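Have a look at work21.cif below; it lists mmCIF, C-alpha atoms and all ligand atoms.
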data_entry
loop_
_atom_site.group_PDB
_atom_site.id
_atom_site.type_symbol
_atom_site.label_atom_id
_atom_site.label_comp_id
_atom_site.auth_asym_id
_atom_site.auth_seq_id
_atom_site.Cartn_x
_atom_site.Cartn_y
_atom_site.Cartn_z
ATOM 1 C CA MET A 1 -10.695 80.252 1.983
ATOM 2 C CA SER A 2 -14.353 81.211 2.096
ATOM 3 C CA PRO A 3 -16.060 80.024 -1.068
ATOM 4 C CA LEU A 4 -17.881 82.970 -2.631
ATOM 5 C CA SER A 5 -17.922 86.030 -0.468
ATOM 6 C CA SER A 6 -17.679 89.776 -0.710
ATOM 7 C CA ASN A 7 -17.315 92.663 1.625
ATOM 8 C CA HIS A 8 -19.829 94.760 -0.253
ATOM 9 C CA SER A 9 -23.148 95.190 1.470
ATOM 10 C CA ASP A 10 -25.156 95.355 -1.773
ATOM 11 C CA VAL A 11 -24.216 91.824 -2.739
ATOM 12 C CA LYS A 12 -24.272 90.197 0.694
ATOM 13 C CA HIS A 13 -27.926 89.262 0.401
ATOM 14 C CA VAL A 14 -27.312 87.217 -2.719
ATOM 15 C CA LEU A 15 -23.955 85.884 -1.598
ATOM 16 C CA PRO A 16 -24.355 84.668 1.974
ATOM 17 C CA GLN A 17 -21.180 83.111 3.276
ATOM 18 C CA PRO A 18 -19.982 80.516 3.787
ATOM 19 C CA VAL A 19 -21.743 78.868 0.833
ATOM 20 C CA PRO A 20 -21.168 75.122 0.456
ATOM 21 C CA ALA A 21 -19.113 74.925 -2.742
ATOM 22 C CA PRO A 22 -21.410 72.703 -4.856
ATOM 23 C CA SER A 23 -24.422 74.999 -4.436
ATOM 24 C CA PHE A 24 -22.811 77.909 -6.273
ATOM 25 C CA TRP A 25 -22.628 76.138 -9.646
ATOM 26 C CA ARG A 26 -26.152 75.548 -10.885
ATOM 27 C CA VAL A 27 -27.734 74.074 -13.956
ATOM 28 C CA PRO A 28 -28.315 77.049 -16.286
ATOM 29 C CA PRO A 29 -31.797 77.881 -17.546
ATOM 30 C CA ALA A 30 -32.501 77.077 -21.203
ATOM 31 C CA LYS A 31 -32.773 80.780 -22.029
ATOM 32 C CA ILE A 32 -30.072 82.828 -20.395
ATOM 33 C CA GLN A 33 -30.649 86.487 -19.485
ATOM 34 C CA LEU A 34 -27.878 88.845 -18.433
ATOM 35 C CA PRO A 35 -29.358 91.971 -16.851
ATOM 36 C CA SER A 36 -27.342 95.075 -16.164
ATOM 37 C CA ARG A 37 -24.941 94.785 -13.178
ATOM 38 C CA HIS A 38 -25.215 90.997 -13.095
ATOM 39 C CA VAL A 39 -22.164 88.814 -13.563
ATOM 40 C CA HIS A 40 -22.423 85.226 -14.781
ATOM 41 C CA VAL A 41 -19.584 82.832 -14.090
ATOM 42 C CA TRP A 42 -19.468 79.473 -15.842
ATOM 43 C CA ARG A 43 -17.345 76.497 -14.874
ATOM 44 C CA GLY A 44 -16.551 73.950 -17.554
ATOM 45 C CA ILE A 45 -14.509 70.780 -17.834
ATOM 46 C CA VAL A 46 -12.587 71.029 -21.072
ATOM 47 C CA ASP A 47 -11.904 67.347 -21.706
ATOM 48 C CA PRO A 48 -14.489 66.736 -24.437
ATOM 49 C CA SER A 49 -15.506 63.592 -26.262
ATOM 50 C CA LEU A 50 -14.174 63.300 -29.815
ATOM 51 C CA PRO A 51 -17.486 64.227 -31.533
ATOM 52 C CA ARG A 52 -17.862 67.350 -29.379
ATOM 53 C CA LEU A 53 -14.215 68.264 -30.042
ATOM 54 C CA GLN A 54 -14.893 68.103 -33.784
ATOM 55 C CA VAL A 55 -17.928 70.358 -33.397
ATOM 56 C CA TYR A 56 -15.838 72.905 -31.508
ATOM 57 C CA GLN A 57 -12.925 72.696 -33.924
ATOM 58 C CA GLU A 58 -15.250 73.627 -36.774
ATOM 59 C CA VAL A 59 -16.455 76.839 -35.133
ATOM 60 C CA LEU A 60 -12.949 78.184 -34.452
ATOM 61 C CA SER A 61 -11.521 80.948 -36.617
ATOM 62 C CA PRO A 62 -8.506 80.180 -38.860
ATOM 63 C CA ASP A 63 -6.290 82.013 -36.322
ATOM 64 C CA GLU A 64 -7.586 79.888 -33.469
ATOM 65 C CA GLN A 65 -7.158 76.709 -35.506
ATOM 66 C CA ALA A 66 -3.582 77.702 -36.322
ATOM 67 C CA ARG A 67 -2.911 78.431 -32.660
ATOM 68 C CA ALA A 68 -4.287 74.998 -31.725
ATOM 69 C CA GLN A 69 -1.992 73.365 -34.285
ATOM 70 C CA ARG A 70 1.037 75.070 -32.750
ATOM 71 C CA LEU A 71 0.377 73.365 -29.411
ATOM 72 C CA ILE A 72 2.630 70.360 -29.262
ATOM 73 C CA ARG A 73 1.021 68.284 -26.514
ATOM 74 C CA PRO A 74 -2.255 66.678 -27.642
ATOM 75 C CA GLU A 75 -4.029 67.393 -24.335
ATOM 76 C CA HIS A 76 -3.072 71.078 -24.569
ATOM 77 C CA ARG A 77 -4.422 71.211 -28.132
ATOM 78 C CA ARG A 78 -7.624 69.404 -27.139
ATOM 79 C CA ARG A 79 -8.213 71.660 -24.157
ATOM 80 C CA PHE A 80 -7.504 74.840 -26.103
ATOM 81 C CA ILE A 81 -10.019 73.853 -28.789
ATOM 82 C CA ALA A 82 -12.602 72.891 -26.179
ATOM 83 C CA ALA A 83 -12.063 76.060 -24.125
ATOM 84 C CA ARG A 84 -12.381 78.349 -27.192
ATOM 85 C CA GLY A 85 -15.291 76.335 -28.545
ATOM 86 C CA LEU A 86 -17.083 76.557 -25.229
ATOM 87 C CA LEU A 87 -16.388 80.305 -25.033
ATOM 88 C CA ARG A 88 -17.992 80.749 -28.468
ATOM 89 C CA ASP A 89 -20.877 78.506 -27.473
ATOM 90 C CA LEU A 90 -21.546 80.496 -24.283
ATOM 91 C CA LEU A 91 -21.198 83.863 -26.012
ATOM 92 C CA SER A 92 -23.590 82.741 -28.729
ATOM 93 C CA ARG A 93 -26.284 82.244 -26.083
ATOM 94 C CA TYR A 94 -25.900 85.846 -24.898
ATOM 95 C CA LEU A 95 -25.505 87.396 -28.328
ATOM 96 C CA HIS A 96 -28.040 85.240 -30.194
ATOM 97 C CA ALA A 97 -25.378 84.699 -32.838
ATOM 98 C CA ARG A 98 -23.829 81.559 -34.296
ATOM 99 C CA PRO A 99 -20.616 80.527 -32.469
ATOM 100 C CA GLN A 100 -18.607 80.662 -35.703
ATOM 101 C CA ASP A 101 -19.761 84.228 -36.434
ATOM 102 C CA ILE A 102 -18.308 85.683 -33.254
ATOM 103 C CA GLN A 103 -15.158 87.703 -33.886
ATOM 104 C CA PHE A 104 -12.610 88.625 -31.277
ATOM 105 C CA GLY A 105 -10.177 91.480 -31.066
ATOM 106 C CA SER A 106 -7.495 91.780 -28.431
ATOM 107 C CA GLY A 107 -6.260 94.676 -26.331
ATOM 108 C CA PRO A 108 -2.656 95.934 -26.213
ATOM 109 C CA HIS A 109 -1.804 93.246 -23.646
ATOM 110 C CA GLY A 110 -3.795 90.470 -25.239
ATOM 111 C CA LYS A 111 -7.159 90.714 -23.459
ATOM 112 C CA PRO A 112 -9.781 89.399 -25.866
ATOM 113 C CA PHE A 113 -12.950 91.388 -26.494
ATOM 114 C CA LEU A 114 -15.842 91.227 -28.961
ATOM 115 C CA GLN A 115 -14.630 92.712 -32.222
ATOM 116 C CA HIS A 116 -17.790 94.383 -33.435
ATOM 117 C CA PRO A 117 -20.183 96.364 -31.325
ATOM 118 C CA THR A 118 -22.861 93.863 -30.392
ATOM 119 C CA ARG A 119 -26.208 94.321 -28.762
ATOM 120 C CA PRO A 120 -26.330 93.439 -25.972
ATOM 121 C CA PHE A 121 -22.626 94.080 -25.406
ATOM 122 C CA VAL A 122 -20.849 91.465 -23.331
ATOM 123 C CA HIS A 123 -17.653 91.871 -21.354
ATOM 124 C CA PHE A 124 -15.985 88.558 -20.742
ATOM 125 C CA ASN A 125 -12.874 86.912 -19.429
ATOM 126 C CA VAL A 126 -11.518 83.388 -19.307
ATOM 127 C CA ALA A 127 -9.067 81.410 -17.221
ATOM 128 C CA HIS A 128 -8.051 77.785 -17.384
ATOM 129 C CA ALA A 129 -6.031 75.314 -15.377
ATOM 130 C CA ARG A 130 -5.597 71.699 -16.467
ATOM 131 C CA HIS A 131 -9.037 70.245 -17.321
ATOM 132 C CA LEU A 132 -10.997 73.175 -15.877
ATOM 133 C CA ALA A 133 -12.007 76.455 -17.468
ATOM 134 C CA VAL A 134 -13.906 79.347 -15.998
ATOM 135 C CA TYR A 135 -15.687 82.137 -17.860
ATOM 136 C CA ALA A 136 -17.208 85.417 -16.659
ATOM 137 C CA PHE A 137 -19.726 87.547 -18.569
ATOM 138 C CA SER A 138 -21.264 90.906 -17.828
ATOM 139 C CA GLN A 139 -23.219 93.370 -19.905
ATOM 140 C CA ASP A 140 -21.703 96.488 -18.408
ATOM 141 C CA LEU A 141 -18.933 95.656 -15.944
ATOM 142 C CA GLU A 142 -15.392 94.724 -16.937
ATOM 143 C CA VAL A 143 -14.427 91.339 -15.477
ATOM 144 C CA GLY A 144 -11.251 89.365 -14.809
ATOM 145 C CA LEU A 145 -10.723 85.781 -13.705
ATOM 146 C CA ASP A 146 -7.941 83.607 -12.494
ATOM 147 C CA LEU A 147 -7.815 79.891 -11.857
ATOM 148 C CA GLU A 148 -4.882 77.947 -10.470
ATOM 149 C CA GLY A 149 -4.398 74.291 -9.671
ATOM 150 C CA ASN A 150 -2.359 72.992 -6.779
ATOM 151 C CA ARG A 151 1.300 72.427 -7.656
ATOM 152 C CA GLY A 152 3.289 70.242 -5.329
ATOM 153 C CA SER A 153 6.760 71.676 -5.519
ATOM 154 C CA LEU A 154 6.511 75.465 -5.527
ATOM 155 C CA ASP A 155 8.689 77.678 -3.344
ATOM 156 C CA TYR A 156 5.801 79.818 -2.066
ATOM 157 C CA THR A 157 8.004 82.249 -0.147
ATOM 158 C CA LYS A 158 10.058 83.030 -3.261
ATOM 159 C CA LEU A 159 6.917 83.617 -5.318
ATOM 160 C CA VAL A 160 5.390 85.837 -2.634
ATOM 161 C CA GLU A 161 8.655 87.830 -2.573
ATOM 162 C CA ARG A 162 8.257 88.365 -6.317
ATOM 163 C CA MET A 163 4.604 89.353 -6.454
ATOM 164 C CA CYS A 164 4.041 91.021 -3.086
ATOM 165 C CA SER A 165 5.132 94.110 -1.211
ATOM 166 C CA PRO A 166 7.533 93.696 1.761
ATOM 167 C CA GLU A 167 4.564 94.177 4.154
ATOM 168 C CA GLU A 168 2.563 91.441 2.427
ATOM 169 C CA LEU A 169 5.601 89.172 2.591
ATOM 170 C CA GLN A 170 5.871 89.736 6.359
ATOM 171 C CA THR A 171 2.160 88.929 6.781
ATOM 172 C CA PHE A 172 2.647 85.770 4.753
ATOM 173 C CA LEU A 173 5.717 84.679 6.730
ATOM 174 C CA HIS A 174 3.842 85.052 10.013
ATOM 175 C CA LEU A 175 1.254 82.493 8.923
ATOM 176 C CA PRO A 176 1.581 78.919 10.220
ATOM 177 C CA ALA A 177 3.300 76.777 7.564
ATOM 178 C CA ALA A 178 0.115 74.711 7.095
ATOM 179 C CA GLN A 179 -1.779 77.829 5.955
ATOM 180 C CA GLN A 180 0.837 79.251 3.603
ATOM 181 C CA LYS A 181 -0.043 77.299 0.483
ATOM 182 C CA SER A 182 -3.709 78.271 0.545
ATOM 183 C CA ALA A 183 -2.832 81.893 1.413
ATOM 184 C CA PHE A 184 -0.420 82.004 -1.514
ATOM 185 C CA PHE A 185 -2.973 80.727 -4.061
ATOM 186 C CA THR A 186 -5.650 83.014 -2.621
ATOM 187 C CA CYS A 187 -3.336 86.017 -2.969
ATOM 188 C CA TRP A 188 -2.148 85.014 -6.431
ATOM 189 C CA THR A 189 -5.609 84.360 -7.916
ATOM 190 C CA ARG A 190 -7.068 87.531 -6.402
ATOM 191 C CA LYS A 191 -4.216 89.674 -7.780
ATOM 192 C CA GLU A 192 -4.258 88.022 -11.183
ATOM 193 C CA ALA A 193 -8.053 88.369 -11.486
ATOM 194 C CA VAL A 194 -7.689 92.112 -10.831
ATOM 195 C CA VAL A 195 -4.943 92.632 -13.403
ATOM 196 C CA LYS A 196 -6.920 90.598 -15.947
ATOM 197 C CA ALA A 197 -10.026 92.729 -15.372
ATOM 198 C CA HIS A 198 -7.776 95.763 -15.845
ATOM 199 C CA GLY A 199 -6.417 94.242 -19.076
ATOM 200 C CA LYS A 200 -2.719 94.710 -18.411
ATOM 201 C CA GLY A 201 -2.292 91.145 -17.154
ATOM 202 C CA LEU A 202 1.039 90.417 -15.567
ATOM 203 C CA THR A 203 2.575 93.564 -17.037
ATOM 204 C CA PHE A 204 0.754 95.315 -14.179
ATOM 205 C CA PRO A 205 3.200 95.524 -11.235
ATOM 206 C CA LEU A 206 1.648 93.048 -8.803
ATOM 207 C CA LYS A 207 3.673 94.468 -5.914
ATOM 208 C CA HIS A 208 1.717 97.694 -6.286
ATOM 209 C CA LEU A 209 -1.583 95.931 -5.780
ATOM 210 C CA ARG A 210 -2.420 94.910 -2.219
ATOM 211 C CA VAL A 211 -5.229 92.408 -1.672
ATOM 212 C CA SER A 212 -6.529 90.605 1.408
ATOM 213 C CA PHE A 213 -5.397 86.976 1.556
ATOM 214 C CA LEU A 214 -5.398 85.802 5.181
ATOM 215 C CA PRO A 215 -7.622 82.804 5.988
ATOM 216 C CA GLY A 216 -11.220 83.981 6.448
ATOM 217 C CA GLN A 217 -10.561 87.542 5.240
ATOM 218 C CA PHE A 218 -13.120 88.991 2.826
ATOM 219 C CA PRO A 219 -11.725 89.245 -0.680
ATOM 220 C CA GLU A 220 -10.913 92.893 -1.299
ATOM 221 C CA ILE A 221 -8.448 95.219 -2.948
ATOM 222 C CA LEU A 222 -6.766 97.057 -0.106
ATOM 223 C CA ASP A 223 -4.582 99.496 -1.950
ATOM 224 C CA VAL A 224 -3.188 100.230 -5.394
ATOM 225 C CA GLN A 225 0.029 102.197 -5.344
ATOM 226 C CA GLY A 226 0.368 104.835 -8.042
ATOM 227 C CA GLN A 227 -3.116 104.221 -9.477
ATOM 228 C CA SER A 228 -6.278 106.241 -9.244
ATOM 229 C CA SER A 229 -8.469 105.214 -6.352
ATOM 230 C CA ALA A 230 -10.950 103.739 -8.880
ATOM 231 C CA LEU A 231 -9.535 100.237 -8.487
ATOM 232 C CA THR A 232 -10.215 100.192 -4.774
ATOM 233 C CA HIS A 233 -13.949 100.350 -5.609
ATOM 234 C CA TRP A 234 -13.748 97.146 -7.580
ATOM 235 C CA SER A 235 -15.129 93.886 -6.220
ATOM 236 C CA LEU A 236 -13.354 90.614 -5.618
ATOM 237 C CA PHE A 237 -14.884 87.168 -5.125
ATOM 238 C CA ASP A 238 -13.415 83.756 -4.442
ATOM 239 C CA LEU A 239 -14.804 81.011 -6.643
ATOM 240 C CA PRO A 240 -15.364 77.532 -5.210
ATOM 241 C CA MET A 241 -13.539 75.610 -7.928
ATOM 242 C CA GLY A 242 -13.259 72.306 -6.073
ATOM 243 C CA SER A 243 -10.508 70.560 -4.200
ATOM 244 C CA GLY A 244 -6.980 71.522 -5.250
ATOM 245 C CA PHE A 245 -8.056 74.559 -7.278
ATOM 246 C CA TRP A 246 -8.290 78.244 -6.426
ATOM 247 C CA GLY A 247 -10.306 80.720 -8.434
ATOM 248 C CA ALA A 248 -11.052 84.427 -8.172
ATOM 249 C CA LEU A 249 -13.273 86.890 -9.993
ATOM 250 C CA ALA A 250 -12.623 90.647 -10.132
ATOM 251 C CA VAL A 251 -15.321 93.051 -11.256
ATOM 252 C CA ALA A 252 -14.724 96.690 -12.159
ATOM 253 C CA GLY A 253 -17.512 97.995 -9.991
ATOM 254 C CA ARG A 254 -20.117 96.454 -7.754
ATOM 255 C CA PRO A 255 -22.339 93.826 -9.304
ATOM 256 C CA SER A 256 -25.807 93.339 -7.854
ATOM 257 C CA HIS A 257 -25.710 89.553 -8.457
ATOM 258 C CA VAL A 258 -23.076 86.957 -9.268
ATOM 259 C CA HIS A 259 -24.476 83.678 -10.624
ATOM 260 C CA GLY A 260 -22.520 80.470 -11.117
ATOM 261 C CA TRP A 261 -23.499 78.119 -13.949
ATOM 262 C CA GLU A 262 -22.190 74.671 -14.726
ATOM 263 C CA ALA A 263 -21.302 74.275 -18.410
ATOM 264 C CA THR A 264 -21.583 70.786 -19.765
ATOM 265 C CA LEU A 265 -19.559 70.209 -22.896
ATOM 266 C CA ASP A 266 -21.296 67.167 -24.201
ATOM 267 C CA ALA A 267 -24.827 68.292 -23.513
ATOM 268 C CA GLY A 268 -24.087 71.473 -25.459
HETATM 269 C C1 LIG B 301 -3.201 87.293 -19.207
HETATM 270 C C2 LIG B 301 -2.227 86.462 -18.431
HETATM 271 C C3 LIG B 301 -2.215 86.942 -16.988
HETATM 272 C C4 LIG B 301 -2.769 85.005 -18.517
HETATM 273 O O1 LIG B 301 -2.124 84.184 -17.646
HETATM 274 P P1 LIG B 301 -2.253 82.601 -17.551
HETATM 275 O O2 LIG B 301 -2.256 82.265 -16.093
HETATM 276 O O3 LIG B 301 -1.220 81.990 -18.408
HETATM 277 O O4 LIG B 301 -3.619 82.163 -18.219
HETATM 278 P P2 LIG B 301 -5.120 82.176 -17.707
HETATM 279 O O5 LIG B 301 -5.657 80.810 -17.836
HETATM 280 O O6 LIG B 301 -5.276 82.894 -16.409
HETATM 281 O O7 LIG B 301 -5.852 83.137 -18.800
HETATM 282 C C5 LIG B 301 -5.731 82.928 -20.166
HETATM 283 C C6 LIG B 301 -6.822 83.710 -20.848
HETATM 284 O O8 LIG B 301 -6.804 85.078 -20.411
HETATM 285 C C7 LIG B 301 -7.232 85.916 -21.484
HETATM 286 N N1 LIG B 301 -6.225 86.979 -21.618
HETATM 287 C C8 LIG B 301 -5.120 87.036 -22.391
HETATM 288 N N2 LIG B 301 -4.472 88.209 -22.185
HETATM 289 C C9 LIG B 301 -5.186 88.897 -21.255
HETATM 290 C C10 LIG B 301 -5.015 90.155 -20.630
HETATM 291 N N3 LIG B 301 -3.992 90.968 -20.914
HETATM 292 N N4 LIG B 301 -5.938 90.550 -19.711
HETATM 293 C C11 LIG B 301 -6.974 89.748 -19.416
HETATM 294 N N5 LIG B 301 -7.184 88.532 -19.975
HETATM 295 C C12 LIG B 301 -6.299 88.112 -20.889
HETATM 296 C C13 LIG B 301 -7.380 85.036 -22.717
HETATM 297 O O9 LIG B 301 -8.758 84.757 -22.883
HETATM 298 C C14 LIG B 301 -6.645 83.788 -22.338
HETATM 299 O O10 LIG B 301 -7.241 82.642 -22.886
HETATM 300 P P3 LIG B 301 -6.568 81.902 -24.158
HETATM 301 O O11 LIG B 301 -5.233 81.433 -23.687
HETATM 302 O O12 LIG B 301 -7.500 80.800 -24.457
HETATM 303 O O13 LIG B 301 -6.456 82.929 -25.225
HETATM 304 C C15 LIG B 301 -0.790 86.562 -19.002
HETATM 305 O O14 LIG B 301 -0.741 85.877 -20.244
HETATM 306 C C16 LIG B 301 -0.366 88.017 -19.210
HETATM 307 O O15 LIG B 301 0.000 88.688 -18.292
HETATM 308 N N6 LIG B 301 -0.396 88.515 -20.440
HETATM 309 C C17 LIG B 301 -0.119 89.917 -20.702
HETATM 310 C C18 LIG B 301 1.320 90.087 -21.069
HETATM 311 C C19 LIG B 301 1.461 90.743 -22.388
HETATM 312 O O16 LIG B 301 1.395 91.931 -22.510
HETATM 313 N N7 LIG B 301 1.613 89.914 -23.408
HETATM 314 C C20 LIG B 301 1.665 90.408 -24.725
HETATM 315 C C21 LIG B 301 0.643 89.624 -25.524
HETATM 316 S S1 LIG B 301 -0.019 90.599 -26.831
#

Can you present the structure in this file as structure tokens?
Amino acid sequence: MSPLSSNHSDVKHVLPQPVPAPSFWRVPPAKIQLPSRHVHVWRGIVDPSLPRLQVYQEVLSPDEQARAQRLIRPEHRRRFIAARGLLRDLLSRYLHARPQDIQFGSGPHGKPFLQHPTRPFVHFNVAHARHLAVYAFSQDLEVGLDLEGNRGSLDYTKLVERMCSPEELQTFLHLPAAQQKSAFFTCWTRKEAVVKAHGKGLTFPLKHLRVSFLPGQFPEILDVQGQSSALTHWSLFDLPMGSGFWGALAVAGRPSHVHGWEATLDAG
């Protein structure tokens, strides 16, 4: 999988490919600016120290705290608190608001958004897998993310049958066995990022959405059955999440720049 790449000519100059994975995630500037048509993606490790966890717990809303309490496994609870706390922390930098003052609403299929009109407005999306979380922010473009970690014992063919069209399945089956796992995760994360940008999540029929997924192919939406052609003008990017992880970003439109920032929990 190419790390961060796009087929769109207006972003090629800022996203040369292939980019060595570590160079995409940079130390963020102290004062973060989010100009129009830029997308910021943050990668964070959500295994915080106890003091940082307490700080994050305190900024969560009562609903979020209750949700954390319902999580039975301690590491799930810890990671949920850290991921929400970090989301509030990052949003507070864009909105110049206190993390605890940020209020979320959620769409008909659960996509969170900022509850009150804010200035500047920020579209955002989140995905997590194990100890990693990834966040995308844009002032004016809807965004969607997916992140998946390697899982040893999946029946990839069965999953591709479920989420892909018969043509995509044939393409997948013609790949050498050694390439199937990576192709599967590439396909899955690209599709899920698109449906999360759309807001319908997995209620969107994934079989109706065709994306590129062969090794070396530019990330792109090829076709959306039964939908307006608008989605085919969206942009897709692979995110270099590190060994054993696959990540994708979908943007409803064509961003001029996509920046990757490394979020450090304990440094704030
Ligand atoms: C969104 C969805 C694809 C997430 O899948 P996942 O692989 O389990 O989780 P991810 O790590 O990729 O993403 C989780 C984050 O996506 C965001 N999210 C939730 N619903 C979303 C949606 N419909 N669209 C976009 N993003 C969504 C949230 O920020 C969530 O973070 P949280 O768990 O901390 O609240 C899946 O839950 C889904 O399809 N939901 C919609 C189904 C539905 O209609 N449910 C009814 C709920 S009201």

The PyMOL selection byres (((not hetatm)) within 7 of (chain B and resi 301)) applied to the shown file, residues as a list in words =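 With the PyMOL selection byres (((not hetatm)) within 7 of (chain B and resi 301)) on this model, the match is Phe80, Ala83, Arg84, Gly107, Pro108, His109, Gly110, Lys111, Pro112, Asn125, Val126, Ala127, His128, Ala129, Gly144, Leu145, Asp146, Leu147, Glu192, Val195, Lys196, Ala197, His198, Gly199, Lys200, Gly201, Leu202 and Thr203 of chain A.
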
Point-to-point distance from atom CA of A:Phe121 to atom CA of A:Gly260, Å rounded to tenths =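 Between atom CA of A:Phe121 and atom CA of A:Gly260 the gap is 19.7 Å.
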
d(atom CA of A:Leu206, atom CA of A:Pro166) in Å =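 Rounded to one decimal, the two atoms are 12.1 Å apart.
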
With distances taken over all atoms listed in the file, the candidate from A:Gln100, A:Val160, A:Gln33, A:Ser243 nearest A:Pro62 is A:Gln100

Care to translate the PyMOL selection byres (((chain A and resi 72-79) around 9) and not hetatm) into actual residues of this file, as a PyMOL selection string?
-> chain A and resi 45-48+53+67-71+80-84+130-132

Expressed in Å to a single decimal, how great is the separation between atom CA of A:Leu159 and atom CA of A:Leu222?
-> 19.9 Å

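Minimum atom-to-atom distance to A:Gln225, evaluated using all atoms listed in the file, belongs to A:Pro205 out of A:Pro205, A:Pro117, A:Pro176, A:Pro51.
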
Can you list what the PyMOL selection byres (((chain A and resi 171) around 12) and not hetatm) grabs from this structure, as a PyMOL selection string?
-> chain A and resi 157+160-161+164-170+172-176+179-180+183-184+187+210-215

Provide an axis-aligned box for all listed atoms of stretch 148-160 of chain A, padding each side by 3 Å; report its centre and its edge lengths in Å to one decimal, as lines of an AutoDock Vina configuration file.
center_x = 2.6
center_y = 78.0
center_z = -5.3
size_x = 20.9
size_y = 21.6
size_z = 16.3

Top pick for closest residue to A:Arg190, considering A:Leu236, A:Lys158, A:His208, A:Asn150 and counting all atoms listed in the file =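 Distance minimum relative to A:Arg190 lands on A:Leu236.
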
Nearest residue to A:Asp89 from the set A:Arg162, A:Lys181, A:Arg151, A:Arg52 (distances using all atoms listed in the file) = A:Arg52

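Of the listed residues (A:His233, A:Ala136, A:Arg43, A:Arg93), A:Arg93 comes nearest to A:Pro29; the distances count all atoms listed in the file.
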
Exercise: A:Leu114 partners within 7 Å, all atoms listed in the file, chain neighbours under 6 positions left out, as an MDAnalysis selection string | chainID A and resid 103:105

Quick one: everything within 10 Å of A:Ile32, counting only C-alpha atoms, minus sequence neighbours fewer than 3 positions away in the same chain. Send it as a VMD selection string.
-> chain A and resid 28 to 29 35 40 90 93 to 94
